[in-house]
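Visitor: Structure supplied as data.pdb; contents: PDB, C-alpha atoms, pLDDT in the B column.
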ATOM      1  CA  MET A   1      -1.548   0.555  18.459  1.00 89.00           C
ATOM      2  CA  ARG A   2      -1.975   2.191  15.061  1.00 94.00           C
ATOM      3  CA  LYS A   3      -3.861   0.709  12.114  1.00 96.00           C
ATOM      4  CA  VAL A   4      -2.898   0.689   8.445  1.00 96.00           C
ATOM      5  CA  VAL A   5      -5.944   1.690   6.384  1.00 96.00           C
ATOM      6  CA  VAL A   6      -5.777   1.372   2.604  1.00 96.00           C
ATOM      7  CA  ALA A   7      -8.216   3.673   0.779  1.00 94.00           C
ATOM      8  CA  THR A   8      -8.109   3.119  -2.966  1.00 94.00           C
ATOM      9  CA  PHE A   9      -9.976   3.706  -6.221  1.00 95.00           C
ATOM     10  CA  THR A  10     -10.322   0.788  -8.654  1.00 97.00           C
ATOM     11  CA  SER A  11     -12.091   0.119 -11.912  1.00 98.00           C
ATOM     12  CA  LEU A  12     -14.461  -2.850 -12.060  1.00 97.00           C
ATOM     13  CA  ASP A  13     -11.596  -4.933 -13.489  1.00 96.00           C
ATOM     14  CA  GLY A  14      -9.269  -3.926 -10.648  1.00 96.00           C
ATOM     15  CA  VAL A  15      -7.107  -1.226 -12.257  1.00 97.00           C
ATOM     16  CA  MET A  16      -5.970   1.563  -9.918  1.00 95.00           C
ATOM     17  CA  GLN A  17      -3.489   3.445 -12.120  1.00 95.00           C
ATOM     18  CA  ALA A  18      -3.772   7.222 -12.576  1.00 95.00           C
ATOM     19  CA  PRO A  19      -7.292   7.845 -11.265  1.00 95.00           C
ATOM     20  CA  GLY A  20      -6.737  11.587 -10.907  1.00 91.00           C
ATOM     21  CA  GLY A  21      -5.626  12.865 -14.312  1.00 92.00           C
ATOM     22  CA  PRO A  22      -4.047  12.113 -17.717  1.00 94.00           C
ATOM     23  CA  GLN A  23      -0.517  13.080 -16.629  1.00 93.00           C
ATOM     24  CA  GLU A  24      -0.651  11.455 -13.204  1.00 93.00           C
ATOM     25  CA  ASP A  25       0.950   8.152 -14.254  1.00 93.00           C
ATOM     26  CA  PRO A  26       1.125   7.421 -18.006  1.00 94.00           C
ATOM     27  CA  THR A  27       3.766   4.699 -17.562  1.00 93.00           C
ATOM     28  CA  GLY A  28       3.266   1.634 -19.717  1.00 95.00           C
ATOM     29  CA  GLY A  29       1.353   3.736 -22.236  1.00 96.00           C
ATOM     30  CA  PHE A  30      -1.669   3.999 -19.940  1.00 96.00           C
ATOM     31  CA  ALA A  31      -4.175   6.158 -21.826  1.00 96.00           C
ATOM     32  CA  TYR A  32      -7.081   6.527 -19.385  1.00 97.00           C
ATOM     33  CA  GLY A  33      -5.665   8.768 -16.674  1.00 96.00           C
ATOM     34  CA  GLY A  34      -8.433  10.654 -14.870  1.00 96.00           C
ATOM     35  CA  TRP A  35     -10.999   7.881 -15.198  1.00 97.00           C
ATOM     36  CA  THR A  36     -12.591   8.613 -11.792  1.00 96.00           C
ATOM     37  CA  ALA A  37     -13.447  12.265 -12.508  1.00 94.00           C
ATOM     38  CA  PRO A  38     -16.775  11.726 -14.352  1.00 95.00           C
ATOM     39  CA  TYR A  39     -18.147   9.746 -11.411  1.00 95.00           C
ATOM     40  CA  PHE A  40     -17.394  12.161  -8.586  1.00 91.00           C
ATOM     41  CA  ASP A  41     -20.338  14.125  -7.223  1.00 91.00           C
ATOM     42  CA  GLU A  42     -21.167  15.747  -3.910  1.00 87.00           C
ATOM     43  CA  ALA A  43     -22.340  12.491  -2.322  1.00 89.00           C
ATOM     44  CA  LEU A  44     -19.190  10.582  -3.235  1.00 88.00           C
ATOM     45  CA  GLY A  45     -17.033  13.502  -2.167  1.00 85.00           C
ATOM     46  CA  ALA A  46     -18.715  13.384   1.230  1.00 85.00           C
ATOM     47  CA  ALA A  47     -17.948   9.663   1.481  1.00 84.00           C
ATOM     48  CA  MET A  48     -14.269  10.355   0.854  1.00 82.00           C
ATOM     49  CA  GLY A  49     -14.405  13.134   3.417  1.00 82.00           C
ATOM     50  CA  GLN A  50     -15.427  10.578   6.038  1.00 82.00           C
ATOM     51  CA  VAL A  51     -12.200   8.657   5.428  1.00 83.00           C
ATOM     52  CA  PHE A  52     -10.186  11.753   6.287  1.00 85.00           C
ATOM     53  CA  ASP A  53     -12.382  13.047   9.101  1.00 85.00           C
ATOM     54  CA  ARG A  54     -10.678  10.854  11.674  1.00 88.00           C
ATOM     55  CA  PRO A  55      -7.070  11.562  12.728  1.00 92.00           C
ATOM     56  CA  PHE A  56      -4.522  10.028  10.369  1.00 95.00           C
ATOM     57  CA  ASP A  57      -1.040  10.216   8.928  1.00 96.00           C
ATOM     58  CA  LEU A  58      -0.253   9.328   5.309  1.00 97.00           C
ATOM     59  CA  LEU A  59       1.711   6.231   4.342  1.00 96.00           C
ATOM     60  CA  LEU A  60       2.903   6.396   0.735  1.00 95.00           C
ATOM     61  CA  GLY A  61       5.081   4.730  -1.835  1.00 92.00           C
ATOM     62  CA  ARG A  62       7.609   7.001  -3.505  1.00 91.00           C
ATOM     63  CA  LYS A  63       5.781   7.427  -6.827  1.00 91.00           C
ATOM     64  CA  THR A  64       2.519   8.436  -5.165  1.00 93.00           C
ATOM     65  CA  TYR A  65       4.424  10.691  -2.777  1.00 94.00           C
ATOM     66  CA  ASP A  66       5.987  12.518  -5.736  1.00 93.00           C
ATOM     67  CA  ILE A  67       2.547  12.952  -7.363  1.00 93.00           C
ATOM     68  CA  PHE A  68       1.055  14.330  -4.152  1.00 94.00           C
ATOM     69  CA  ALA A  69       4.075  16.530  -3.343  1.00 95.00           C
ATOM     70  CA  ALA A  70       3.816  18.164  -6.766  1.00 94.00           C
ATOM     71  CA  HIS A  71       0.122  18.932  -6.248  1.00 94.00           C
ATOM     72  CA  TRP A  72      -1.177  19.451  -2.732  1.00 95.00           C
ATOM     73  CA  PRO A  73       1.314  22.086  -1.503  1.00 96.00           C
ATOM     74  CA  PHE A  74       0.385  24.218  -4.502  1.00 96.00           C
ATOM     75  CA  VAL A  75      -3.415  24.147  -4.128  1.00 94.00           C
ATOM     76  CA  THR A  76      -4.492  27.751  -3.577  1.00 91.00           C
ATOM     77  CA  ASP A  77      -8.249  27.286  -3.183  1.00 91.00           C
ATOM     78  CA  PRO A  78      -8.955  28.252   0.466  1.00 87.00           C
ATOM     79  CA  ASP A  79     -12.084  26.085   0.426  1.00 87.00           C
ATOM     80  CA  ASP A  80     -10.341  22.902  -0.705  1.00 87.00           C
ATOM     81  CA  PRO A  81     -11.190  20.297   1.960  1.00 86.00           C
ATOM     82  CA  ILE A  82      -8.172  18.039   1.391  1.00 89.00           C
ATOM     83  CA  ALA A  83      -5.105  20.227   0.803  1.00 92.00           C
ATOM     84  CA  PRO A  84      -4.791  21.750   4.311  1.00 92.00           C
ATOM     85  CA  VAL A  85      -5.117  18.316   5.893  1.00 93.00           C
ATOM     86  CA  PHE A  86      -2.639  16.550   3.601  1.00 95.00           C
ATOM     87  CA  ASN A  87      -0.142  19.380   3.983  1.00 96.00           C
ATOM     88  CA  ARG A  88      -0.398  19.289   7.774  1.00 95.00           C
ATOM     89  CA  VAL A  89      -0.245  15.554   8.546  1.00 96.00           C
ATOM     90  CA  THR A  90       2.927  13.502   8.718  1.00 97.00           C
ATOM     91  CA  LYS A  91       3.837  11.687   5.503  1.00 97.00           C
ATOM     92  CA  TYR A  92       5.731   8.391   5.923  1.00 96.00           C
ATOM     93  CA  VAL A  93       7.392   7.415   2.657  1.00 95.00           C
ATOM     94  CA  ALA A  94       8.717   4.052   1.497  1.00 92.00           C
ATOM     95  CA  THR A  95      11.652   5.008  -0.721  1.00 88.00           C
ATOM     96  CA  ARG A  96      15.078   3.652  -1.529  1.00 81.00           C
ATOM     97  CA  GLY A  97      16.212   6.836  -3.214  1.00 72.00           C
ATOM     98  CA  PRO A  98      18.676   9.249  -1.590  1.00 65.00           C
ATOM     99  CA  SER A  99      16.827  12.383  -2.702  1.00 72.00           C
ATOM    100  CA  ARG A 100      15.306  14.673  -0.094  1.00 83.00           C
ATOM    101  CA  LEU A 101      11.619  14.732   0.741  1.00 92.00           C
ATOM    102  CA  GLU A 102      10.701  18.394   0.263  1.00 91.00           C
ATOM    103  CA  TRP A 103       7.026  18.286   1.255  1.00 95.00           C
ATOM    104  CA  GLN A 104       6.560  19.510   4.803  1.00 95.00           C
ATOM    105  CA  ASN A 105       6.297  16.907   7.563  1.00 96.00           C
ATOM    106  CA  SER A 106       7.666  14.107   5.376  1.00 96.00           C
ATOM    107  CA  ARG A 107       9.680  11.266   6.851  1.00 94.00           C
ATOM    108  CA  ARG A 108      11.527   8.462   5.109  1.00 93.00           C
ATOM    109  CA  LEU A 109      10.917   4.955   6.370  1.00 92.00           C
ATOM    110  CA  GLY A 110      14.050   2.951   7.084  1.00 83.00           C
ATOM    111  CA  ASP A 111      15.692   0.609   4.592  1.00 85.00           C
ATOM    112  CA  ASP A 112      13.812  -2.281   6.215  1.00 91.00           C
ATOM    113  CA  VAL A 113      10.328  -0.995   5.418  1.00 91.00           C
ATOM    114  CA  VAL A 114       8.473  -3.883   7.045  1.00 93.00           C
ATOM    115  CA  ALA A 115      10.359  -3.511  10.338  1.00 94.00           C
ATOM    116  CA  ALA A 116       9.827   0.258  10.270  1.00 93.00           C
ATOM    117  CA  LEU A 117       6.093  -0.170   9.763  1.00 93.00           C
ATOM    118  CA  GLN A 118       5.836  -2.787  12.468  1.00 94.00           C
ATOM    119  CA  ALA A 119       7.463  -0.328  14.866  1.00 94.00           C
ATOM    120  CA  LEU A 120       5.129   2.475  13.724  1.00 92.00           C
ATOM    121  CA  LYS A 121       2.070   0.307  14.209  1.00 93.00           C
ATOM    122  CA  ALA A 122       3.178  -0.702  17.681  1.00 94.00           C
ATOM    123  CA  GLY A 123       3.513   2.906  18.798  1.00 92.00           C
ATOM    124  CA  ASP A 124       1.016   5.599  19.633  1.00 92.00           C
ATOM    125  CA  GLY A 125      -0.517   7.872  17.043  1.00 93.00           C
ATOM    126  CA  PRO A 126      -3.295   8.110  14.479  1.00 95.00           C
ATOM    127  CA  ASP A 127      -4.098   5.565  11.792  1.00 95.00           C
ATOM    128  CA  LEU A 128      -1.785   5.330   8.774  1.00 96.00           C
ATOM    129  CA  VAL A 129      -3.783   5.877   5.579  1.00 96.00           C
ATOM    130  CA  VAL A 130      -2.412   4.570   2.288  1.00 95.00           C
ATOM    131  CA  GLN A 131      -3.394   6.261  -0.972  1.00 92.00           C
ATOM    132  CA  GLY A 132      -2.362   4.938  -4.391  1.00 89.00           C
ATOM    133  CA  SER A 133       1.066   3.286  -4.029  1.00 87.00           C
ATOM    134  CA  SER A 134       0.267   0.161  -6.063  1.00 87.00           C
ATOM    135  CA  ASP A 135       3.779  -1.330  -5.798  1.00 87.00           C
ATOM    136  CA  PHE A 136       4.083  -0.552  -2.096  1.00 89.00           C
ATOM    137  CA  LEU A 137       0.698  -2.157  -1.422  1.00 91.00           C
ATOM    138  CA  GLN A 138       2.046  -5.547  -2.465  1.00 90.00           C
ATOM    139  CA  THR A 139       4.635  -5.313   0.317  1.00 90.00           C
ATOM    140  CA  LEU A 140       1.900  -4.462   2.800  1.00 92.00           C
ATOM    141  CA  TRP A 141      -0.245  -7.448   1.731  1.00 91.00           C
ATOM    142  CA  ARG A 142       2.620  -9.917   1.912  1.00 90.00           C
ATOM    143  CA  ALA A 143       3.657  -8.701   5.366  1.00 92.00           C
ATOM    144  CA  GLN A 144       0.021  -8.791   6.617  1.00 93.00           C
ATOM    145  CA  LEU A 145       0.229  -5.165   7.693  1.00 95.00           C
ATOM    146  CA  VAL A 146      -3.154  -3.997   6.344  1.00 96.00           C
ATOM    147  CA  ASP A 147      -5.898  -3.668   8.973  1.00 97.00           C
ATOM    148  CA  GLU A 148      -8.659  -2.174   6.823  1.00 97.00           C
ATOM    149  CA  LEU A 149      -9.243  -1.934   3.084  1.00 96.00           C
ATOM    150  CA  ILE A 150     -11.629   0.719   1.752  1.00 96.00           C
ATOM    151  CA  VAL A 151     -12.288   0.202  -1.951  1.00 96.00           C
ATOM    152  CA  LEU A 152     -14.152   2.639  -4.176  1.00 96.00           C
ATOM    153  CA  THR A 153     -15.146   0.558  -7.209  1.00 97.00           C
ATOM    154  CA  PHE A 154     -16.015   2.589 -10.305  1.00 97.00           C
ATOM    155  CA  PRO A 155     -18.328   1.304 -13.066  1.00 98.00           C
ATOM    156  CA  VAL A 156     -15.711   1.308 -15.808  1.00 98.00           C
ATOM    157  CA  LEU A 157     -13.524  -1.333 -17.461  1.00 98.00           C
ATOM    158  CA  LEU A 158      -9.973  -0.216 -18.303  1.00 98.00           C
ATOM    159  CA  GLY A 159      -8.460  -3.471 -19.515  1.00 96.00           C
ATOM    160  CA  THR A 160      -4.867  -2.543 -18.742  1.00 95.00           C
ATOM    161  CA  GLY A 161      -2.860  -0.762 -16.072  1.00 95.00           C
ATOM    162  CA  LYS A 162      -1.526  -1.275 -12.559  1.00 94.00           C
ATOM    163  CA  ARG A 163      -3.886  -3.356 -10.463  1.00 93.00           C
ATOM    164  CA  LEU A 164      -4.816  -3.462  -6.810  1.00 93.00           C
ATOM    165  CA  PHE A 165      -4.503  -7.251  -6.794  1.00 90.00           C
ATOM    166  CA  GLY A 166      -1.994  -8.437  -9.379  1.00 82.00           C
ATOM    167  CA  PRO A 167       0.210 -11.497  -9.831  1.00 83.00           C
ATOM    168  CA  GLY A 168       1.856 -12.549  -6.597  1.00 82.00           C
ATOM    169  CA  THR A 169      -0.881 -11.200  -4.301  1.00 88.00           C
ATOM    170  CA  ALA A 170      -0.802 -13.017  -0.968  1.00 89.00           C
ATOM    171  CA  PRO A 171      -3.962 -15.184  -0.658  1.00 93.00           C
ATOM    172  CA  GLY A 172      -6.339 -14.365   2.188  1.00 94.00           C
ATOM    173  CA  ALA A 173      -9.982 -13.951   3.099  1.00 97.00           C
ATOM    174  CA  LEU A 174     -11.646 -10.580   3.711  1.00 97.00           C
ATOM    175  CA  LYS A 175     -14.683  -9.723   5.816  1.00 98.00           C
ATOM    176  CA  LEU A 176     -17.088  -7.079   4.527  1.00 98.00           C
ATOM    177  CA  GLN A 177     -17.724  -4.441   7.202  1.00 97.00           C
ATOM    178  CA  ALA A 178     -19.828  -1.952   5.211  1.00 96.00           C
ATOM    179  CA  SER A 179     -20.879  -1.262   1.650  1.00 97.00           C
ATOM    180  CA  LYS A 180     -22.847   1.528  -0.036  1.00 95.00           C
ATOM    181  CA  ALA A 181     -23.691   2.298  -3.657  1.00 96.00           C
ATOM    182  CA  TYR A 182     -23.764   5.921  -4.834  1.00 95.00           C
ATOM    183  CA  PRO A 183     -25.881   7.544  -7.576  1.00 93.00           C
ATOM    184  CA  THR A 184     -23.045   7.621 -10.131  1.00 95.00           C
ATOM    185  CA  GLY A 185     -22.610   3.857  -9.797  1.00 96.00           C
ATOM    186  CA  VAL A 186     -19.586   3.882  -7.488  1.00 96.00           C
ATOM    187  CA  VAL A 187     -19.653   1.303  -4.690  1.00 97.00           C
ATOM    188  CA  VAL A 188     -17.699   2.052  -1.511  1.00 96.00           C
ATOM    189  CA  SER A 189     -16.865  -1.060   0.511  1.00 97.00           C
ATOM    190  CA  SER A 190     -14.851  -1.570   3.667  1.00 96.00           C
ATOM    191  CA  PHE A 191     -13.109  -4.872   4.428  1.00 98.00           C
ATOM    192  CA  THR A 192     -10.953  -6.279   7.202  1.00 97.00           C
ATOM    193  CA  PRO A 193      -8.626  -9.307   6.975  1.00 96.00           C
ATOM    194  CA  ASP A 194     -10.367 -12.556   7.852  1.00 97.00           C
ATOM    195  CA  GLY A 195      -7.677 -15.193   7.995  1.00 95.00           C
ATOM    196  CA  PRO A 196      -6.686 -17.722   5.342  1.00 95.00           C
ATOM    197  CA  VAL A 197      -8.733 -18.584   2.268  1.00 96.00           C
ATOM    198  CA  ARG A 198     -11.494 -21.075   3.099  1.00 96.00           C
ATOM    199  CA  THR A 199     -12.729 -23.553   0.518  1.00 96.00           C
ATOM    200  CA  GLY A 200     -15.763 -25.801   0.181  1.00 94.00           C
ATOM    201  CA  ASP A 201     -17.213 -28.428  -2.132  1.00 92.00           C
ATOM    202  CA  PHE A 202     -20.408 -28.561  -4.189  1.00 92.00           C
ATOM    203  CA  GLN A 203     -19.562 -31.926  -5.755  1.00 91.00           C
ATOM    204  CA  LEU A 204     -21.624 -35.089  -5.484  1.00 92.00           C
ATOM    205  CA  ALA A 205     -20.753 -37.358  -2.569  1.00 91.00           C
ATOM    206  CA  GLU A 206     -19.649 -39.928  -5.134  1.00 93.00           C
ATOM    207  CA  PRO A 207     -18.375 -38.509  -8.429  1.00 93.00           C
ATOM    208  CA  SER A 208     -20.171 -39.627 -11.566  1.00 95.00           C
ATOM    209  CA  ALA A 209     -18.337 -41.604 -14.223  1.00 95.00           C
ATOM    210  CA  ALA A 210     -18.244 -38.443 -16.370  1.00 96.00           C
ATOM    211  CA  GLU A 211     -16.718 -36.465 -13.484  1.00 94.00           C
ATOM    212  CA  ALA A 212     -14.127 -39.153 -12.818  1.00 94.00           C
ATOM    213  CA  GLU A 213     -13.171 -39.067 -16.497  1.00 96.00           C
ATOM    214  CA  ARG A 214     -12.972 -35.268 -16.454  1.00 95.00           C
ATOM    215  CA  ARG A 215     -10.635 -35.328 -13.452  1.00 94.00           C
ATOM    216  CA  GLN A 216      -8.440 -37.847 -15.132  1.00 95.00           C
ATOM    217  CA  ARG A 217      -8.136 -35.636 -18.203  1.00 96.00           C
ATOM    218  CA  LEU A 218      -7.119 -32.683 -16.024  1.00 96.00           C
ATOM    219  CA  ALA A 219      -4.475 -34.748 -14.280  1.00 89.00           C
TER     220      ALA A 219
END
Is it possible to give me this structure as structure tokens?
Guide:
Amino acid sequence: MRKVVVATFTSLDGVMQAPGGPQEDPTGGFAYGGWTAPYFDEALGAAMGQVFDRPFDLLLGRKTYDIFAAHWPFVTDPDDPIAPVFNRVTKYVATRGPSRLEWQNSRRLGDDVVAALQALKAGDGPDLVVQGSSDFLQTLWRAQLVDELIVLTFPVLLGTGKRLFGPGTAPGALKLQASKAYPTGVVVSSFTPDGPVRTGDFQLAEPSAAEAERRQRLA
């Protein structure tokens, strides 16, 4: 059985839009494209390399696919560690559009994306790694298709932009599997789903008169 692994960059306030460059995704007037670049160093690059060291295929939303397809096939640096891998692996794309997928080894998921992914996960093959794809991620959360979430949290506040967890996110608990801070301030954390949200209570056994009044005001 295959796993769906989400590997994503976010700001401290949860924005994931256009981490790679100013022209990557300026929709909505987003003015901070390329916000991850100042924080990348050799150590963080090595951490990302570990994500792609294991066998994988890519699982992408259409907008991220178009960004990648306009970049990675045209990288000419023979020492680039990512381009040969991304160009070689299979790319599964969630798209409703009729246009062709020109990037080599690209495959369109069926119209019923959830059913197509369930069938993919049930089959043999490497893990399915999701990059970017903020809209598509919401479908994955709601359908409980994510097996691992790797979040690179950058020490920057962006205030606006597409978010990893926005309105309508399906509630759920996560279990921390590993976490490491890097010299530039980036924290890389790995989570797995951990069932429904659990709640507790720090209230007094018997509410005070002030607390009872406060509750009544809220009601």
Visitor: Here is a test: counting all atoms listed in the file, which residue of A:Gly132, A:Pro38, A:Gly97, A:Gly29 is nearest to Thr10 of chain A?
Guide: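 For Thr10 of chain A, the nearest of the candidates is A:Gly132.
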Visitor: Would you kindly return, as a list in words, each protein, DNA or RNA residue with an atom no farther than 10 Å from any atom of Asn105 of chain A, considering all atoms listed in the file and excluding same-chain residues fewer than 3 positions away?
Guide: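 In the requested form, the answer reads Phe86, Asn87, Arg88, Val89, Thr90, Lys91, Tyr92, Leu101 and Glu102 of chain A.
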Visitor: Please determine, counting all atoms listed in the file, which residue among A:Ala7, A:Asp127, A:Val113, A:Gly28 has the shortest atom-to-atom distance to Ala47 of chain A.
Guide: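 Closest candidate: A:Ala7.
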Visitor: Which one is closest to Ala70 of chain A: A:Trp103, A:Asp13, A:Gln50, A:Ala83? Count only C-alpha atoms.
Guide: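 Answer, going by the shortest atom-to-atom distance: A:Trp103.
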Visitor: Hey, which of A:Ala178, A:Asp201, A:Lys162, A:Arg214 ends up closest to Pro26 of chain A? Count only C-alpha atoms.
Guide: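 Once distances to Pro26 of chain A are computed over only C-alpha atoms, the minimum belongs to A:Lys162.
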Visitor: Where does the PyMOL selection byres ((chain A and resi 110) around 12) land in this file, that is, which residues does it pick, as a ChimeraX atom specification?
Guide: /A:92-98,107-109,111-120
Visitor: Which is closest to Trp35 of chain A among A:Ala122, A:Gly161, A:Lys63, A:Gly195, if we use all atoms listed in the file?
Guide: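 When distances to Trp35 of chain A are compared using all atoms listed in the file, the smallest one comes from A:Gly161.
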Visitor: Report as a PDB file with C-alpha atoms, in the frame of the given file all protein, DNA and RNA residues lying within 12 Å of Val130 of chain A, evaluated on only C-alpha atoms, omitting residues in the same chain fewer than 2 positions from it.
Guide:
ATOM      1  CA  LYS A   3      -3.861   0.709  12.114  1.00 96.00           C
ATOM      2  CA  VAL A   4      -2.898   0.689   8.445  1.00 96.00           C
ATOM      3  CA  VAL A   5      -5.944   1.690   6.384  1.00 96.00           C
ATOM      4  CA  VAL A   6      -5.777   1.372   2.604  1.00 96.00           C
ATOM      5  CA  ALA A   7      -8.216   3.673   0.779  1.00 94.00           C
ATOM      6  CA  THR A   8      -8.109   3.119  -2.966  1.00 94.00           C
ATOM      7  CA  PHE A   9      -9.976   3.706  -6.221  1.00 95.00           C
ATOM      8  CA  VAL A  51     -12.200   8.657   5.428  1.00 83.00           C
ATOM      9  CA  PHE A  52     -10.186  11.753   6.287  1.00 85.00           C
ATOM     10  CA  PHE A  56      -4.522  10.028  10.369  1.00 95.00           C
ATOM     11  CA  ASP A  57      -1.040  10.216   8.928  1.00 96.00           C
ATOM     12  CA  LEU A  58      -0.253   9.328   5.309  1.00 97.00           C
ATOM     13  CA  LEU A  59       1.711   6.231   4.342  1.00 96.00           C
ATOM     14  CA  LEU A  60       2.903   6.396   0.735  1.00 95.00           C
ATOM     15  CA  GLY A  61       5.081   4.730  -1.835  1.00 92.00           C
ATOM     16  CA  ARG A  62       7.609   7.001  -3.505  1.00 91.00           C
ATOM     17  CA  THR A  64       2.519   8.436  -5.165  1.00 93.00           C
ATOM     18  CA  TYR A  65       4.424  10.691  -2.777  1.00 94.00           C
ATOM     19  CA  LYS A  91       3.837  11.687   5.503  1.00 97.00           C
ATOM     20  CA  TYR A  92       5.731   8.391   5.923  1.00 96.00           C
ATOM     21  CA  VAL A  93       7.392   7.415   2.657  1.00 95.00           C
ATOM     22  CA  ALA A  94       8.717   4.052   1.497  1.00 92.00           C
ATOM     23  CA  ASP A 127      -4.098   5.565  11.792  1.00 95.00           C
ATOM     24  CA  LEU A 128      -1.785   5.330   8.774  1.00 96.00           C
ATOM     25  CA  GLY A 132      -2.362   4.938  -4.391  1.00 89.00           C
ATOM     26  CA  SER A 133       1.066   3.286  -4.029  1.00 87.00           C
ATOM     27  CA  SER A 134       0.267   0.161  -6.063  1.00 87.00           C
ATOM     28  CA  ASP A 135       3.779  -1.330  -5.798  1.00 87.00           C
ATOM     29  CA  PHE A 136       4.083  -0.552  -2.096  1.00 89.00           C
ATOM     30  CA  LEU A 137       0.698  -2.157  -1.422  1.00 91.00           C
ATOM     31  CA  LEU A 140       1.900  -4.462   2.800  1.00 92.00           C
ATOM     32  CA  LEU A 145       0.229  -5.165   7.693  1.00 95.00           C
ATOM     33  CA  VAL A 146      -3.154  -3.997   6.344  1.00 96.00           C
ATOM     34  CA  ASP A 147      -5.898  -3.668   8.973  1.00 97.00           C
ATOM     35  CA  GLU A 148      -8.659  -2.174   6.823  1.00 97.00           C
ATOM     36  CA  LEU A 149      -9.243  -1.934   3.084  1.00 96.00           C
ATOM     37  CA  ILE A 150     -11.629   0.719   1.752  1.00 96.00           C
ATOM     38  CA  VAL A 151     -12.288   0.202  -1.951  1.00 96.00           C
TER      39      VAL A 151
END
Visitor: Which one of A:Pro78, A:Gly172, A:Pro22, A:Gly45 sits closest to Ala143 of chain A if you count only C-alpha atoms?
Guide: A:Gly172
Visitor: Please, what distance in Å, to one decimal, runs between atom CA of Asp41 of chain A and atom CA of Thr184 of chain A?
Guide: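 Separation between atom CA of Asp41 of chain A and atom CA of Thr184 of chain A: 7.6 Å.
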Visitor: Running the PyMOL selection byres ((chain A and resi 191) around 6) on this model by hand, what would come out? Give it as number ranges by chain.
Guide: A: 148-149, 174-177, 190, 192
Visitor: Go ahead and save the picked residues with C-alpha atoms, as an mmCIF file, in the coordinates of the input.
Guide:
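Listed below is the output, result-v3.cif:
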data_model
loop_
_atom_site.group_PDB
_atom_site.id
_atom_site.type_symbol
_atom_site.label_atom_id
_atom_site.label_comp_id
_atom_site.auth_asym_id
_atom_site.auth_seq_id
_atom_site.Cartn_x
_atom_site.Cartn_y
_atom_site.Cartn_z
ATOM 1 C CA GLU A 148 -8.659 -2.174 6.823
ATOM 2 C CA LEU A 149 -9.243 -1.934 3.084
ATOM 3 C CA LEU A 174 -11.646 -10.580 3.711
ATOM 4 C CA LYS A 175 -14.683 -9.723 5.816
ATOM 5 C CA LEU A 176 -17.088 -7.079 4.527
ATOM 6 C CA GLN A 177 -17.724 -4.441 7.202
ATOM 7 C CA SER A 190 -14.851 -1.570 3.667
ATOM 8 C CA THR A 192 -10.953 -6.279 7.202
#
Visitor: Could you tell me how far atom CA of Gln23 of chain A lies from atom CA of Ala69 of chain A, in Å and to one decimal?
Guide: 14.5 Å
Visitor: Could you pull out every residue with an atom within 12 Å of (-21.4, 11.2, -2.4), file coordinates, counting all atoms listed in the file, and send them as an MDAnalysis selection string?
Guide: chainID A and resid 39:50 152 180:188
Visitor: So how far away is atom CA of Ser189 of chain A from atom CA of Phe30 of chain A, in Å?
Guide: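 Straight-line distance from atom CA of Phe30 of chain A to atom CA of Ser189 of chain A works out to 26.0 Å.
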Visitor: Skipping near chain neighbours, those fewer than 5 positions away, what residues fall within 7 Å of Leu164 of chain A using all atoms listed in the file, listed as number ranges by chain?
Guide: A: 14-16, 134
Visitor: I need the output of the PyMOL selection byres ((chain A and resi 169) around 10) for this file as a PDB file with C-alpha atoms, in the frame of the given file; which residues are they?
Guide:
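Output below, filename out25.pdb:
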ATOM      1  CA  LEU A 137       0.698  -2.157  -1.422  1.00 91.00           C
ATOM      2  CA  GLN A 138       2.046  -5.547  -2.465  1.00 90.00           C
ATOM      3  CA  THR A 139       4.635  -5.313   0.317  1.00 90.00           C
ATOM      4  CA  TRP A 141      -0.245  -7.448   1.731  1.00 91.00           C
ATOM      5  CA  ARG A 142       2.620  -9.917   1.912  1.00 90.00           C
ATOM      6  CA  LEU A 164      -4.816  -3.462  -6.810  1.00 93.00           C
ATOM      7  CA  PHE A 165      -4.503  -7.251  -6.794  1.00 90.00           C
ATOM      8  CA  GLY A 166      -1.994  -8.437  -9.379  1.00 82.00           C
ATOM      9  CA  PRO A 167       0.210 -11.497  -9.831  1.00 83.00           C
ATOM     10  CA  GLY A 168       1.856 -12.549  -6.597  1.00 82.00           C
ATOM     11  CA  ALA A 170      -0.802 -13.017  -0.968  1.00 89.00           C
ATOM     12  CA  PRO A 171      -3.962 -15.184  -0.658  1.00 93.00           C
ATOM     13  CA  GLY A 172      -6.339 -14.365   2.188  1.00 94.00           C
TER      14      GLY A 172
END
Visitor: Once you add 6 Å to each side, what are the centre and edge lengths of the axis-aligned box holding all listed atoms of segment 71-76 of chain A? One decimal in Å, as lines of an AutoDock Vina configuration file, if you can.
Guide:
center_x = -1.6
center_y = 23.3
center_z = -3.9
size_x = 17.8
size_y = 20.8
size_z = 16.7
